[in-house]
$ cat structure_0.txt   # compact mmCIF, C-alpha atoms
# COMPACT_ATOMS: atom_id res chain seq x y z
CA MET A 170 73.30 -149.04 -53.65
CA THR A 171 71.36 -145.83 -52.95
CA THR A 172 71.70 -143.58 -49.93
CA ILE A 173 68.27 -143.00 -48.42
CA GLN A 174 67.58 -139.81 -46.51
CA HIS A 175 65.50 -139.76 -43.34
CA GLY A 176 63.59 -137.07 -41.50
CA VAL A 177 61.03 -136.45 -38.79
CA SER A 178 57.61 -135.32 -39.91
CA PHE A 179 55.17 -133.38 -37.75
CA LEU A 180 51.44 -132.96 -38.30
CA PRO A 181 49.83 -131.96 -34.99
CA ASP A 182 46.54 -133.75 -34.29
CA CYS A 183 46.13 -132.52 -30.72
CA ARG A 184 42.79 -131.94 -29.06
CA PRO A 185 43.29 -128.85 -26.83
CA GLU A 186 41.45 -130.51 -23.95
CA LYS A 187 44.03 -133.32 -23.99
CA ARG A 188 47.25 -131.48 -24.83
CA SER A 189 48.13 -127.80 -24.76
CA ALA A 190 49.85 -126.02 -27.63
CA THR A 191 52.66 -124.97 -25.29
CA ASP A 192 53.39 -128.59 -24.36
CA TYR A 193 53.16 -129.74 -27.97
CA TYR A 194 55.61 -127.12 -29.27
CA ALA A 195 58.10 -127.79 -26.47
CA ASP A 196 58.03 -131.52 -27.15
CA VAL A 197 58.39 -131.41 -30.94
CA LEU A 198 61.18 -128.82 -30.70
CA ALA A 199 63.00 -131.25 -28.40
CA ILE A 200 62.50 -133.98 -31.01
CA ALA A 201 63.83 -131.67 -33.74
CA ARG A 202 66.98 -131.05 -31.68
CA LEU A 203 67.41 -134.78 -31.15
CA ALA A 204 66.97 -135.42 -34.88
CA ASP A 205 69.60 -132.79 -35.69
CA GLU A 206 72.10 -134.28 -33.22
CA ALA A 207 71.42 -137.80 -34.54
CA GLY A 208 72.16 -136.90 -38.15
CA PHE A 209 68.66 -136.91 -39.61
CA ASP A 210 68.33 -135.07 -42.91
CA TYR A 211 65.00 -133.25 -42.50
CA VAL A 212 62.44 -131.91 -40.09
CA LYS A 213 59.07 -131.26 -41.72
CA MET A 214 55.97 -129.38 -40.56
CA THR A 215 52.65 -128.83 -42.33
CA GLU A 216 50.07 -125.99 -42.46
CA HIS A 217 46.41 -126.24 -41.43
CA TYR A 218 43.75 -124.18 -39.70
CA LEU A 219 40.83 -124.29 -37.30
CA GLY A 220 40.39 -128.00 -36.50
CA ASN A 221 42.22 -130.54 -34.36
CA TYR A 222 43.77 -131.88 -37.58
CA GLY A 223 46.82 -129.66 -37.96
CA GLY A 224 45.26 -126.78 -36.06
CA TYR A 225 48.34 -126.36 -33.87
CA CYS A 226 50.41 -125.34 -36.88
CA PRO A 227 48.90 -122.51 -38.92
CA SER A 228 52.45 -121.39 -39.78
CA PRO A 229 55.09 -124.01 -40.56
CA LEU A 230 57.57 -121.24 -41.39
CA THR A 231 57.26 -119.86 -37.86
CA PHE A 232 57.82 -123.30 -36.38
CA LEU A 233 60.78 -124.03 -38.67
CA ALA A 234 62.36 -120.68 -37.78
CA ALA A 235 62.35 -121.85 -34.16
CA VAL A 236 63.92 -125.14 -35.29
CA ALA A 237 66.56 -123.24 -37.26
CA ALA A 238 67.52 -121.28 -34.15
CA GLN A 239 67.98 -124.49 -32.13
CA THR A 240 69.78 -126.70 -34.69
CA THR A 241 72.88 -126.55 -36.85
CA ARG A 242 72.64 -128.83 -39.88
CA ILE A 243 69.24 -130.50 -40.35
CA ARG A 244 67.24 -129.26 -43.34
CA LEU A 245 63.88 -127.58 -42.80
CA MET A 246 60.93 -128.69 -44.95
CA THR A 247 57.48 -127.22 -45.22
CA GLY A 248 55.20 -130.15 -45.68
CA CYS A 249 53.37 -128.21 -46.80
CA VAL A 250 52.54 -124.53 -47.11
CA LEU A 251 49.21 -123.87 -48.83
CA PRO A 252 49.62 -121.38 -51.71
CA ALA A 253 45.86 -121.01 -52.14
CA PHE A 254 45.77 -119.08 -48.86
CA HIS A 255 48.74 -116.74 -49.50
CA HIS A 256 49.72 -113.92 -51.82
CA PRO A 257 52.87 -114.90 -53.76
CA VAL A 258 54.76 -111.73 -52.78
CA GLN A 259 54.32 -112.61 -49.12
CA LEU A 260 55.08 -116.30 -49.64
CA ALA A 261 58.25 -115.60 -51.63
CA ALA A 262 59.52 -113.12 -49.05
CA HIS A 263 58.67 -115.21 -45.99
CA THR A 264 60.32 -118.36 -47.37
CA ALA A 265 63.39 -116.40 -48.48
CA MET A 266 63.68 -114.94 -44.98
CA LEU A 267 63.77 -118.43 -43.46
CA ASP A 268 66.26 -119.56 -46.11
CA ALA A 269 68.53 -116.71 -45.03
CA LEU A 270 67.99 -117.21 -41.29
CA SER A 271 68.84 -120.90 -41.60
CA GLY A 272 71.89 -120.42 -43.81
CA GLY A 273 70.26 -122.06 -46.82
CA ARG A 274 68.66 -125.06 -45.14
CA LEU A 275 65.10 -124.66 -46.43
CA ASP A 276 63.15 -127.04 -48.69
CA VAL A 277 59.74 -125.67 -49.68
CA GLY A 278 56.88 -128.12 -50.01
CA PHE A 279 53.58 -126.87 -51.44
CA ALA A 280 50.12 -128.44 -51.23
CA ARG A 281 46.70 -127.58 -52.65
CA ALA A 282 44.91 -127.90 -49.28
CA TRP A 283 42.00 -130.32 -49.04
CA LEU A 284 39.70 -129.29 -46.19
CA PRO A 285 36.52 -127.46 -47.29
CA TYR A 286 36.15 -125.59 -43.99
CA GLU A 287 39.54 -123.92 -44.49
CA PHE A 288 38.55 -122.68 -47.95
CA GLU A 289 35.19 -121.45 -46.66
CA ALA A 290 36.65 -119.59 -43.67
CA LEU A 291 39.37 -117.93 -45.75
CA GLY A 292 37.03 -117.03 -48.60
CA VAL A 293 38.80 -119.09 -51.27
CA PRO A 294 36.68 -121.11 -53.75
CA LEU A 295 37.36 -124.86 -53.81
CA ASP A 296 36.77 -125.14 -57.53
CA SER A 297 39.60 -122.77 -58.46
CA SER A 298 42.17 -124.23 -56.09
CA ARG A 299 44.27 -125.99 -58.72
CA ASP A 300 44.60 -122.91 -60.94
CA ARG A 301 45.35 -120.71 -57.91
CA PHE A 302 47.91 -123.27 -56.64
CA GLU A 303 49.79 -123.42 -59.94
CA ALA A 304 49.69 -119.66 -60.55
CA THR A 305 50.96 -118.84 -57.06
CA ILE A 306 53.86 -121.30 -57.22
CA GLY A 307 54.84 -119.99 -60.65
CA ALA A 308 54.90 -116.44 -59.31
CA VAL A 309 56.92 -117.44 -56.24
CA LEU A 310 59.55 -119.09 -58.43
CA ARG A 311 59.82 -115.94 -60.52
CA LEU A 312 60.08 -113.72 -57.43
CA TRP A 313 62.88 -115.93 -56.07
CA THR A 314 64.91 -115.77 -59.28
CA GLU A 315 64.03 -112.55 -61.17
CA GLU A 316 63.90 -108.80 -60.60
CA LYS A 317 61.03 -106.48 -61.52
CA VAL A 318 58.49 -109.27 -61.82
CA THR A 319 55.07 -108.44 -63.25
CA GLU A 320 52.11 -110.82 -62.90
CA SER A 321 48.50 -110.39 -63.89
CA THR A 322 46.11 -113.25 -63.04
CA GLU A 323 42.53 -113.59 -61.87
CA PHE A 324 43.89 -114.25 -58.36
CA PHE A 325 46.55 -111.54 -57.94
CA SER A 326 48.46 -108.91 -59.87
CA PHE A 327 51.55 -106.79 -59.27
CA THR A 328 54.06 -104.81 -61.31
CA ASP A 329 57.87 -104.60 -61.20
CA ALA A 330 58.17 -106.47 -57.89
CA THR A 331 61.67 -107.38 -56.70
CA SER A 332 61.38 -109.65 -53.69
CA LEU A 333 63.57 -109.20 -50.64
CA PRO A 334 65.36 -110.74 -48.90
CA PRO A 335 66.92 -112.78 -51.71
CA VAL A 336 67.04 -116.56 -51.32
CA VAL A 337 70.38 -118.00 -50.23
CA GLN A 338 70.28 -121.20 -52.29
CA ASN A 339 70.99 -121.09 -56.00
CA PRO A 340 68.80 -120.80 -57.96
CA HIS A 341 66.24 -121.23 -55.13
CA PRO A 342 65.28 -123.65 -52.33
CA PRO A 343 64.42 -127.20 -53.46
CA VAL A 344 60.71 -127.46 -54.26
CA TRP A 345 58.36 -130.33 -53.44
CA GLY A 346 54.64 -130.78 -53.92
CA ALA A 347 52.17 -132.93 -52.04
CA ALA A 348 49.99 -135.30 -54.05
CA ILE A 349 47.43 -137.77 -52.71
CA ARG A 350 44.81 -139.04 -55.13
CA SER A 351 44.89 -136.89 -58.25
CA PRO A 352 46.83 -138.14 -61.30
CA GLU A 353 46.89 -134.54 -62.55
CA SER A 354 48.86 -133.49 -59.47
CA PHE A 355 51.51 -136.19 -59.95
CA GLN A 356 51.88 -135.28 -63.62
CA TRP A 357 52.06 -131.53 -63.00
CA LEU A 358 54.75 -131.93 -60.31
CA ALA A 359 56.77 -134.13 -62.65
CA ARG A 360 56.57 -131.64 -65.52
CA GLN A 361 57.74 -128.84 -63.21
CA GLY A 362 60.72 -130.92 -62.09
CA PHE A 363 59.56 -130.86 -58.46
CA GLY A 364 59.87 -133.62 -55.91
CA VAL A 365 56.70 -135.35 -54.78
CA LEU A 366 55.55 -135.77 -51.16
CA ILE A 367 53.14 -138.63 -50.59
CA SER A 368 51.16 -139.87 -47.61
CA PRO A 369 50.14 -143.45 -48.43
CA PRO A 370 46.65 -144.78 -47.60
CA PRO A 371 46.09 -146.30 -44.15
CA LEU A 372 46.16 -149.92 -45.40
CA ARG A 373 48.88 -151.78 -47.31
CA SER A 374 46.23 -153.60 -49.31
CA GLU A 375 45.41 -150.23 -50.89
CA LEU A 376 49.00 -149.33 -51.81
CA GLY A 377 48.50 -150.32 -55.45
CA TRP A 378 46.86 -146.93 -56.16
CA SER A 379 49.88 -145.10 -54.71
CA ARG A 380 52.33 -147.25 -56.70
CA ASP A 381 50.44 -146.54 -59.92
CA LEU A 382 50.52 -142.78 -59.27
CA ILE A 383 54.23 -142.88 -58.41
CA GLN A 384 54.92 -144.70 -61.67
CA LEU A 385 52.90 -142.04 -63.50
CA TYR A 386 55.09 -139.38 -61.84
CA LEU A 387 58.30 -141.21 -62.83
CA ASP A 388 57.18 -141.77 -66.43
CA THR A 389 56.04 -138.17 -66.84
CA PHE A 390 59.29 -136.90 -65.30
CA ALA A 391 61.35 -138.98 -67.74
CA GLU A 392 59.34 -137.66 -70.69
CA ALA A 393 59.68 -134.04 -69.56
CA HIS A 394 63.29 -134.02 -68.35
CA GLY A 395 65.07 -136.93 -70.00
CA GLY A 396 68.61 -135.95 -70.97
CA THR A 397 68.83 -133.20 -68.34
CA ASP A 398 70.42 -133.10 -64.89
CA LEU A 399 67.02 -133.02 -63.17
CA ARG A 400 66.11 -136.16 -61.25
CA PRO A 401 62.77 -137.24 -59.76
CA ARG A 402 62.53 -137.18 -55.97
CA ILE A 403 60.00 -139.14 -53.95
CA ALA A 404 59.41 -138.72 -50.23
CA PHE A 405 56.83 -140.57 -48.18
CA SER A 406 55.54 -139.86 -44.68
CA VAL A 407 54.16 -142.63 -42.45
CA PRO A 408 53.84 -143.22 -38.69
CA LEU A 409 56.85 -144.78 -36.95
CA TYR A 410 57.19 -146.47 -33.58
CA VAL A 411 60.11 -148.61 -32.40
CA ALA A 412 60.28 -150.57 -29.13
CA GLU A 413 62.28 -153.50 -27.79
CA THR A 414 59.68 -156.00 -29.01
CA ASP A 415 56.93 -156.03 -31.63
CA ALA A 416 54.29 -156.51 -28.93
CA GLU A 417 55.46 -153.51 -26.92
CA ALA A 418 55.66 -151.34 -30.03
CA TYR A 419 52.13 -152.17 -31.15
CA ASP A 420 50.68 -151.81 -27.65
CA THR A 421 52.07 -148.26 -27.53
CA ALA A 422 51.53 -147.23 -31.14
CA ILE A 423 48.05 -148.54 -31.93
CA PRO A 424 46.10 -146.21 -29.57
CA HIS A 425 48.04 -143.22 -30.94
CA ILE A 426 47.51 -144.27 -34.57
CA ARG A 427 43.82 -144.80 -33.82
CA GLU A 428 43.58 -141.27 -32.39
CA TYR A 429 45.35 -139.86 -35.47
CA LEU A 430 42.92 -141.68 -37.79
CA ASP A 431 39.93 -140.53 -35.73
CA VAL A 432 41.04 -136.88 -35.87
CA THR A 433 41.66 -137.18 -39.62
CA ALA A 434 38.26 -138.79 -40.19
CA GLU A 435 36.60 -136.00 -38.20
CA ALA A 436 38.32 -133.43 -40.42
CA ALA A 437 37.24 -135.35 -43.52
CA ASN A 438 33.63 -135.05 -42.33
CA ALA A 439 33.84 -131.61 -43.92
CA TRP A 440 33.30 -133.39 -47.24
CA ASN A 441 29.80 -134.51 -46.18
CA ASP A 442 27.42 -132.90 -48.68
CA VAL A 443 30.35 -131.12 -50.41
CA SER A 444 31.74 -131.87 -53.83
CA SER A 445 34.05 -130.11 -56.26
CA PRO A 446 35.31 -130.96 -59.75
CA ALA A 447 38.78 -129.97 -58.47
CA TYR A 448 38.64 -132.74 -55.83
CA ARG A 449 37.15 -135.81 -57.47
CA GLY A 450 36.83 -138.73 -55.06
CA TYR A 451 37.38 -136.67 -51.93
CA GLU A 452 33.76 -137.27 -50.93
CA ASN A 453 34.94 -140.71 -49.79
CA MET A 454 37.89 -139.48 -47.72
CA ARG A 455 36.21 -140.08 -44.37
CA LYS A 456 35.55 -143.73 -45.20
CA ALA A 457 39.23 -144.25 -45.97
CA PHE A 458 40.23 -143.25 -42.45
CA GLY A 459 37.17 -144.23 -40.45
CA ARG A 460 36.81 -147.87 -41.51
CA VAL A 461 40.19 -149.16 -40.26
CA ASP A 462 40.00 -151.30 -37.11
CA ASP A 463 42.82 -152.09 -34.68
CA ASP A 464 43.38 -155.59 -36.07
CA GLN A 465 43.88 -154.14 -39.55
CA LEU A 466 46.33 -151.60 -38.17
CA ARG A 467 48.39 -154.44 -36.69
CA HIS A 468 48.42 -156.65 -39.77
CA ASP A 469 47.72 -154.38 -42.77
CA GLY A 470 48.48 -150.84 -41.62
CA VAL A 471 50.81 -148.55 -43.53
CA ALA A 472 52.85 -147.71 -40.46
CA VAL A 473 56.33 -148.84 -39.47
CA VAL A 474 55.91 -150.36 -36.03
CA GLY A 475 57.90 -153.03 -34.21
CA SER A 476 61.23 -154.11 -32.83
CA PRO A 477 64.39 -152.73 -34.46
CA GLU A 478 64.85 -155.91 -36.52
CA SER A 479 61.25 -155.87 -37.67
CA VAL A 480 61.35 -152.16 -38.48
CA VAL A 481 64.45 -152.59 -40.67
CA GLU A 482 62.62 -155.16 -42.79
CA GLN A 483 59.45 -153.06 -42.98
CA ILE A 484 61.43 -150.03 -44.16
CA ARG A 485 63.20 -152.08 -46.83
CA ALA A 486 59.86 -153.33 -48.17
CA LEU A 487 58.04 -150.00 -48.00
CA ARG A 488 60.87 -148.05 -49.56
CA GLN A 489 61.00 -150.52 -52.45
CA GLU A 490 57.22 -150.45 -52.91
CA LEU A 491 57.15 -146.65 -53.07
CA SER A 492 60.48 -146.04 -54.87
CA ALA A 493 61.35 -143.50 -52.19
CA ASP A 494 64.48 -141.38 -51.86
CA VAL A 495 63.38 -139.84 -48.55
CA CYS A 496 61.60 -141.43 -45.58
CA LEU A 497 59.87 -138.85 -43.41
CA TRP A 498 58.86 -140.47 -40.13
CA ASN A 499 55.66 -139.15 -38.57
CA VAL A 500 56.46 -139.28 -34.86
CA ASP A 501 53.92 -136.95 -33.22
CA TYR A 502 50.69 -138.72 -34.21
CA GLY A 503 48.01 -139.20 -31.60
CA GLY A 504 49.21 -136.37 -29.38
CA GLN A 505 52.26 -138.25 -28.08
CA ASP A 506 54.40 -136.61 -25.42
CA ALA A 507 58.15 -136.10 -25.67
CA ALA A 508 59.04 -139.15 -23.57
CA THR A 509 57.05 -141.50 -25.82
CA MET A 510 58.51 -140.00 -29.00
CA GLN A 511 62.06 -139.99 -27.64
CA ARG A 512 62.04 -143.67 -26.60
CA SER A 513 61.10 -144.68 -30.10
CA LEU A 514 63.40 -142.24 -31.87
CA ARG A 515 66.49 -143.17 -29.82
CA LEU A 516 66.00 -146.86 -30.61
CA PHE A 517 65.56 -145.94 -34.28
CA VAL A 518 68.80 -143.93 -34.26
CA ASP A 519 70.84 -146.55 -32.42
CA GLU A 520 69.53 -149.80 -33.90
CA VAL A 521 67.68 -149.05 -37.15
CA LEU A 522 69.21 -146.04 -38.92
CA PRO A 523 72.66 -147.61 -39.45
CA HIS A 524 70.97 -150.44 -41.40
CA VAL A 525 68.67 -148.35 -43.60
CA ARG A 526 70.89 -145.46 -44.66
CA ALA A 527 71.85 -147.37 -47.80
CA LEU A 528 69.40 -149.70 -49.53
$ encode --input "structure_0.txt" --output "structure tokens"
Amino acid sequence: MTTIQHGVSFLPDCRPEKRSATDYYADVLAIARLADEAGFDYVKMTEHYLGNYGGYCPSPLTFLAAVAAQTTRIRLMTGCVLPAFHHPVQLAAHTAMLDALSGGRLDVGFARAWLPYEFEALGVPLDSSRDRFEATIGAVLRLWTEEKVTESTEFFSFTDATSLPPVVQNPHPPVWGAAIRSPESFQWLARQGFGVLISPPPLRSELGWSRDLIQLYLDTFAEAHGGTDLRPRIAFSVPLYVAETDAEAYDTAIPHIREYLDVTAEAANAWNDVSSPAYRGYENMRKAFGRVDDDQLRHDGVAVVGSPESVVEQIRALRQELSADVCLWNVDYGGQDAATMQRSLRLFVDEVLPHVRAL
């Protein structure tokens, strides 16, 4: 029997005309405090810019510092910071500062970024994103663990840099990487010994692609690290909503999930007339989110929605399908307010969590 860890996952999808940033931050900080008190393992926040998709969180480290100040034990996860948009000296120092402020509670998740308008606005070429991603993470790891680090790449260079403050955790905070569609990403994360963060497709009927990529990660990890103490780690993030009955849960959740998919599809419109060899297949991203109707969300959606009894069974099935060690529950989708999130989360804590801690 395996102990499964659980966390709350935030990815703001708020339209400013519908929900202010002040209200959003107040509500998700309240949820983070509730998660800490209830014994959740993680609170996760992502990084994005400019659009409604993630635009309320350009700095997950800033948000997680606020969480650290208001909690005592829950771990803080970036899900994810975007190395392509940061110099490694800054990224190493900023993450180490949060590791120290939180008493060693930080997990650092990295992602390549996927929205063309972010790359364009920040002056970073799409085509070089993978090389920049890998080079920056490699430099951050060195800055966390070595003194007088020298790096010379086409993206950055520095000489004899000793990063301060030092990280608290030994040898450094746990590292994760986001992977969606690219086999190369799953293989690279496995070879580095990193955990993998996945966001499954909107429909269960399309989960086969995710399962194949997870198996590729597991096989590559075994080849690279067999006989060592390193172990693969898989975390997935999906929407969650729990109510007294299935009907009530779906009536509440479906409009919010629809709004989340609409905002995501609008962001994915940035791929119209854009292509890059570093992002094969991303030209079809909008179709993946824009073609799902409400009936499909009820019967084929990759979301955990229902009564406590139904949710327990859905979690058992999804965790087995995705071989997950960590379930990160997306609770803020669709611009929900604190009252809506809290009703669901309290039912989850009281009537679901005791049954899904060990599977």
$ closest_atom_pairs --input "structure_0.txt" --of "range 385-490 of chain A" --to "range 354-374 of chain A" --cutoff "12 Å" --atoms "all atoms listed in the file" --output "Markdown table"
| residue | atom | partner | partner_atom | distance |
| --- | --- | --- | --- | --- |
| A:Leu385 | CA | A:Gln356 | CA | 6.8 |
| A:Tyr386 | CA | A:Phe355 | CA | 5.2 |
| A:Leu387 | CA | A:Ala359 | CA | 7.2 |
| A:Asp388 | CA | A:Ala359 | CA | 8.5 |
| A:Thr389 | CA | A:Ala359 | CA | 5.9 |
| A:Phe390 | CA | A:Ala359 | CA | 4.6 |
| A:Ala391 | CA | A:Ala359 | CA | 8.4 |
| A:Glu392 | CA | A:Arg360 | CA | 8.4 |
| A:Ala393 | CA | A:Arg360 | CA | 5.6 |
| A:His394 | CA | A:Gly362 | CA | 7.4 |
| A:Gly395 | CA | A:Gly362 | CA | 10.8 |
| A:Thr397 | CA | A:Gly362 | CA | 10.5 |
| A:Asp398 | CA | A:Gly362 | CA | 10.3 |
| A:Leu399 | CA | A:Gly362 | CA | 6.7 |
| A:Arg400 | CA | A:Gly362 | CA | 7.6 |
| A:Pro401 | CA | A:Gly364 | CA | 6.0 |
| A:Arg402 | CA | A:Gly364 | CA | 4.4 |
| A:Ile403 | CA | A:Val365 | CA | 5.1 |
| A:Ala404 | CA | A:Leu366 | CA | 4.9 |
| A:Phe405 | CA | A:Ile367 | CA | 4.8 |
| A:Ser406 | CA | A:Ser368 | CA | 5.3 |
| A:Val407 | CA | A:Ser368 | CA | 6.6 |
| A:Pro408 | CA | A:Ser368 | CA | 9.9 |
| A:Ile426 | CA | A:Pro371 | CA | 9.9 |
| A:Arg427 | CA | A:Pro371 | CA | 10.7 |
| A:Tyr429 | CA | A:Pro371 | CA | 10.8 |
| A:Leu430 | CA | A:Pro371 | CA | 8.5 |
| A:Asp431 | CA | A:Pro371 | CA | 11.9 |
| A:Thr433 | CA | A:Pro371 | CA | 11.1 |
| A:Ala434 | CA | A:Pro371 | CA | 11.5 |
| A:Ala447 | CA | A:Ser354 | CA | 10.7 |
| A:Tyr448 | CA | A:Ser354 | CA | 10.9 |
| A:Met454 | CA | A:Pro370 | CA | 10.2 |
| A:Arg455 | CA | A:Pro371 | CA | 11.7 |
| A:Lys456 | CA | A:Pro371 | CA | 10.9 |
| A:Ala457 | CA | A:Pro371 | CA | 7.4 |
| A:Phe458 | CA | A:Pro371 | CA | 6.8 |
| A:Gly459 | CA | A:Pro371 | CA | 9.9 |
| A:Arg460 | CA | A:Pro371 | CA | 9.8 |
| A:Val461 | CA | A:Pro371 | CA | 7.6 |
| A:Asp462 | CA | A:Leu372 | CA | 10.4 |
| A:Asp463 | CA | A:Leu372 | CA | 11.4 |
| A:Asp464 | CA | A:Leu372 | CA | 11.3 |
| A:Gln465 | CA | A:Leu372 | CA | 7.6 |
| A:Leu466 | CA | A:Leu372 | CA | 7.4 |
| A:Arg467 | CA | A:Leu372 | CA | 10.1 |
| A:His468 | CA | A:Arg373 | CA | 9.0 |
| A:Asp469 | CA | A:Arg373 | CA | 5.4 |
| A:Gly470 | CA | A:Leu372 | CA | 4.5 |
| A:Val471 | CA | A:Leu372 | CA | 5.2 |
| A:Ala472 | CA | A:Pro371 | CA | 7.8 |
| A:Val473 | CA | A:Arg373 | CA | 11.2 |
| A:Gln483 | CA | A:Arg373 | CA | 11.5 |
| A:Ala486 | CA | A:Arg373 | CA | 11.1 |
| A:Leu487 | CA | A:Arg373 | CA | 9.4 |
| A:Arg488 | CA | A:Pro369 | CA | 11.7 |
| A:Glu490 | CA | A:Arg373 | CA | 10.1 |
$ residues_around --input "structure_0.txt" --residues "range 213-215 of chain A" --least-positions-apart "4" --cutoff "10 Å" --atoms "all atoms listed in the file" --output "PyMOL selection string"
chain A and resi 176-181+201+223-233+244-251+276-280+406+497-499
$ residues_around --input "structure_0.txt" --residues "Val411 in chain A" --least-positions-apart "5" --cutoff "8 Å" --atoms "all atoms listed in the file" --output "list in words"
Ala418, Val474, Gly475, Ser476, Pro477, Val480, Arg512, Ser513, Leu514, Leu516 and Phe517 of chain A
$ closest_residue --input "structure_0.txt" --among "A:Glu435, A:Asp196, A:Asp182, A:Glu206" --to "Met510 in chain A" --atoms "all atoms listed in the file"
A:Asp196
$ closest_residue --input "structure_0.txt" --among "A:Asp296, A:Pro352, A:Ser332, A:Ala207" --to "Asp519 in chain A" --atoms "all atoms listed in the file"
A:Ala207
$ residues_near_point --input "structure_0.txt" --point "(59.7, -108.4, -55.3)" --cutoff "8 Å" --atoms "all atoms listed in the file" --output "list in words"
Val258, Ala262, Leu312, Glu316, Lys317, Val318, Asp329, Ala330, Thr331, Ser332 and Leu333 of chain A
$ atom_distance --input "structure_0.txt" --atom1 "CA of Ala436 in chain A" --atom2 "CA of Pro294 in chain A"
18.2 Å
$ axis_aligned_box --input "structure_0.txt" --around "range 450-453 of chain A" --padding-each-side "8 Å" --output "lines of an AutoDock Vina configuration file"
center_x = 35.6
center_y = -138.7
center_z = -52.4
size_x = 19.6
size_y = 20.0
size_z = 21.3
$ closest_residue --input "structure_0.txt" --among "A:Asp420, A:Ala437, A:Arg281, A:Leu491" --to "Ile383 in chain A" --atoms "all atoms listed in the file"
A:Leu491
$ closest_residue --input "structure_0.txt" --among "A:Ile423, A:Leu522, A:Ile243, A:Val336" --to "Glu315 in chain A" --atoms "all atoms listed in the file"
A:Val336
$ residues_around --input "structure_0.txt" --residues "His255 in chain A" --least-positions-apart "6" --cutoff "10 Å" --atoms "only C-alpha atoms" --output "list in words"
Ala261, Arg301, Phe302 and Thr305 of chain A
$ closest_residue --input "structure_0.txt" --among "A:Leu270, A:Arg202, A:Ala493, A:Gly220" --to "Gln239 in chain A" --atoms "only C-alpha atoms"
A:Arg202
$ closest_residue --input "structure_0.txt" --among "A:Val344, A:Leu198, A:Ala290, A:Leu260" --to "Tyr218 in chain A" --atoms "only C-alpha atoms"
A:Ala290
$ atom_distance --input "structure_0.txt" --atom1 "CA of Ile484 in chain A" --atom2 "CA of Tyr419 in chain A"
16.1 Å
$ residues_around --input "structure_0.txt" --residues "Gln338 in chain A" --least-positions-apart "4" --cutoff "10 Å" --atoms "all atoms listed in the file" --output "number ranges by chain"
A: 265, 268-269, 272-276, 313, 342-343
$ decode --input "structure_0.txt" --residues "range 295-308 of chain A" --atoms "N, CA and C atoms" --output "short mmCIF file (atom, residue, chain, number, x, y, z; two decimals), in the first residue's frame"
data_model
loop_
_atom_site.label_atom_id
_atom_site.label_comp_id
_atom_site.auth_asym_id
_atom_site.auth_seq_id
_atom_site.Cartn_x
_atom_site.Cartn_y
_atom_site.Cartn_z
N LEU A 295 11.01 31.50 -29.51
CA LEU A 295 10.36 30.20 -29.27
C LEU A 295 11.29 29.04 -29.60
N ASP A 296 11.97 29.14 -30.72
CA ASP A 296 12.72 27.99 -31.23
C ASP A 296 13.85 27.55 -30.31
N SER A 297 14.36 28.47 -29.50
CA SER A 297 15.49 28.11 -28.61
C SER A 297 15.04 27.79 -27.20
N SER A 298 13.74 27.65 -26.99
CA SER A 298 13.24 27.55 -25.61
C SER A 298 13.74 26.30 -24.90
N ARG A 299 13.83 25.17 -25.61
CA ARG A 299 14.29 23.96 -24.93
C ARG A 299 15.73 24.09 -24.48
N ASP A 300 16.61 24.57 -25.34
CA ASP A 300 18.01 24.72 -24.97
C ASP A 300 18.17 25.72 -23.83
N ARG A 301 17.41 26.82 -23.88
CA ARG A 301 17.49 27.83 -22.82
C ARG A 301 16.97 27.25 -21.50
N PHE A 302 15.88 26.50 -21.57
CA PHE A 302 15.29 25.84 -20.40
C PHE A 302 16.31 24.93 -19.73
N GLU A 303 16.92 24.05 -20.49
CA GLU A 303 17.86 23.08 -19.93
C GLU A 303 19.11 23.77 -19.40
N ALA A 304 19.62 24.75 -20.12
CA ALA A 304 20.83 25.44 -19.67
C ALA A 304 20.58 26.22 -18.37
N THR A 305 19.43 26.86 -18.27
CA THR A 305 19.13 27.66 -17.08
C THR A 305 18.96 26.76 -15.87
N ILE A 306 18.25 25.66 -16.00
CA ILE A 306 18.07 24.75 -14.86
C ILE A 306 19.42 24.18 -14.42
N GLY A 307 20.25 23.80 -15.39
CA GLY A 307 21.57 23.28 -15.03
C GLY A 307 22.39 24.29 -14.25
N ALA A 308 22.31 25.56 -14.66
CA ALA A 308 23.05 26.61 -13.94
C ALA A 308 22.47 26.85 -12.55
#
